[in-house]
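**Q** Structure below; questions to follow.
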Amino acid sequence: MTSIPDQDTTPQHGESARAGAPPRDTETPRDTETEPLTRDLDAAEVMTSRDVQGAADLALSIGTRASELGREDLVQRARLVHADVKSRRGEVAASAVIIRDVLGWAVQHDHPYLRARAERQLATFHTMVGDTSAALECAVTAVEGLPADAPARVVADHLMCLALAHARTSSFDAARDRFRSVIDLARELADAGLLLNALNNLAFMEHVAGQAEESLRISEELERESARLGEPLVISALDTVARALMSTGAHAEAEAVLLAGLAEPDLLTEPDDLPEIHLTIAECRRELGRCDEAAESLATALRLAEECDLDGVLPRIAEEQSALAAATGDYRTAYESYRRFHTLEEEQRSAAREARARILAAVFDAEEARRSSRRYREMSLRDHLTGLHNRRYAEERLPALLARAAETASSLSVALADLDHFKRVNDLHSHAAGDAVLERFAQLLQAVTPEQGFAARLGGEEFLLVLPRHDAAQARDVCQDLVRTVREHSWEDLVGDLPVTVSVGLTTTFAGVGEMGDLLGEADRLLYEAKRAGRDRVAGGA
């Protein structure tokens, strides 16, 4: 509940609330045979947000009947429903493969409506793998590509997707315009779920943007519309209202809103609703000076998160534990909790990066024979933080370079570089500072990497430098240049007066002699020789 939502997973706190959408016309002519299919497709497309299995069963039936009638366009629409279902079930890579396949069909057969719908789903995929710029590009294409006679409910869905994409890239003015367009359409359609969803997302975005008064104003509009329509707000929407109140210092009112929500179990729609709400209540109570009650709420949040394996909530619980301990004067506990917060946060960032890499790798593997897979292959072979190549790329590329060195009877040098005492950066500053140091070092490493070589991040603070056609002396010059550049670089803006240096282990082979594992093992041995010799130096290559 602390970031712009990734997908339309709830009626009022996601991309779209499709439940209750009226039947609509499609872009293709209807006839007596296909009209029932198009009507069922309309229903299936709006069903995924509330009944995943029902949507899957219906799409399977539609696809079979459409195939029997020779209506390939309807078959492809049914496949998009399946892609949406797979995404909601966590099968993100499989979903992306289907979407891109449908998109290819739509382009080949000049089917604007289907192409726009595929781009809309691709926007969600890119959001889920953390590529917000690609998500925005797809969302724009999805809106611009809709035919002029596209149903208003579909237009609203695409505009909501675009609004959220703008919000995630901090283009708040553009997002406001799109959200307001969705609100207008929701009123025209008399779609209560869509209206409350759009107001909730807009209020939440204003909170994220730091516009406290505007967030509160829209939250009040959200509550008025909820009362007028007789539609209770789900817990995630009540959380938006509470956070808007908290931003203006109305912590008692925010607590009352959340406690009222807890009294209505039917309003809970997501697994993390309960721990999140207890966490927010704890924050309210701390701000009100009721620290004992805050501690009880925090303990409840922690218990619920651990019982349900909701690791995503744990960093914020640790952060609030730190704030609560500081409020009671227990600064030692506050410090320990804050360190735990940063550790948990870094673990989650690392896990998210690894998950994204696995998804992109899976997409590439599934589309390996397809021309459109080149973008995903490149992304799957890059380290998400630094932009350098990753371990997978090194494991693919280094054997090929060894084979090339054997063919050409040339030298190949391999160096392992490890930042010295890197843990101090995380401990004394923050993991964010540590990430910034890694990014900066990657830039320095890339700057000394010759065009025919490559640099890769193997994990943590360990990096690989591969130098084809470099003998030991030439490679040592490159590595010495790297060590000197890092030592003399100005790091003050990131870590103050804490020194940043690097140690390097360097080994060279001629004519491809040796296996990749042998070379890396020798470079690793020399790296630790450099560490034992005092760090900030190159070992090997003499």
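Chain labels run A, B, ... following the order of the structure tokens; each chain numbers its residues from 1, and ligands are numbered from 1 in the order shown.
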Write out as a list in words the residues lying within 9 Å of Ala511 in chain A, counting only C-alpha atoms and excluding same-chain residues fewer than 2 positions away.

**A** Leu402, Ala403, Arg404, Ala405, Ala406, Glu407, Thr408, Ala409, Ser410, Ser411, Leu412, Thr509 and Val513 of chain A

**Q** Show me, as a PyMOL selection string, the residues that have an atom within 9 Å of Val102 in chain A when counting only C-alpha atoms, minus same-chain residues fewer than 3 positions from it.

**A** chain A and resi 76-77+79-80+97-99+105-107+114-115+118

**Q** Any idea what's packed within 9 Å of Val143 in chain A, counting only C-alpha atoms, ignoring anything in its chain fewer than 5 positions away? Could you give it as a PyMOL selection string?

**A** chain A and resi 116+119-120+138+155+158-159+161-162

**Q** Keeping C-alpha atoms for every residue in the selection just given, could you write it to a file as a PDB file, in the first residue's frame?

**A**
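Dumped to out_16.pdb:
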ATOM      1  CA  ALA A 116      -4.315  -2.228 -28.780  1.00  0.00           C
ATOM      2  CA  GLU A 119      -0.297  -3.569 -25.975  1.00  0.00           C
ATOM      3  CA  ARG A 120      -2.470  -2.909 -22.912  1.00  0.00           C
ATOM      4  CA  CYS A 138       2.953   0.277 -24.350  1.00  0.00           C
ATOM      5  CA  VAL A 155     -11.339   3.076 -23.403  1.00  0.00           C
ATOM      6  CA  HIS A 158      -6.785   1.664 -21.303  1.00  0.00           C
ATOM      7  CA  LEU A 159      -6.832   5.178 -19.868  1.00  0.00           C
ATOM      8  CA  CYS A 161      -3.530   1.747 -17.411  1.00  0.00           C
ATOM      9  CA  LEU A 162      -1.962   4.869 -18.945  1.00  0.00           C
TER      10      LEU A 162
END

**Q** Which residues come within 12 Å of Glu293 in chain A, counting only C-alpha atoms, excluding same-chain residues fewer than 2 positions away, as a PyMOL selection string?

**A** chain A and resi 255+278-279+281-291+295-300+324

**Q** Taking into account only C-alpha atoms, which residue in the set A:Asp497, A:Asp471, A:Asp477, A:Glu270 is nearest to Val448 in chain A?

**A**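 Looking at the shortest contact to Val448 in chain A, the residue is A:Asp477.
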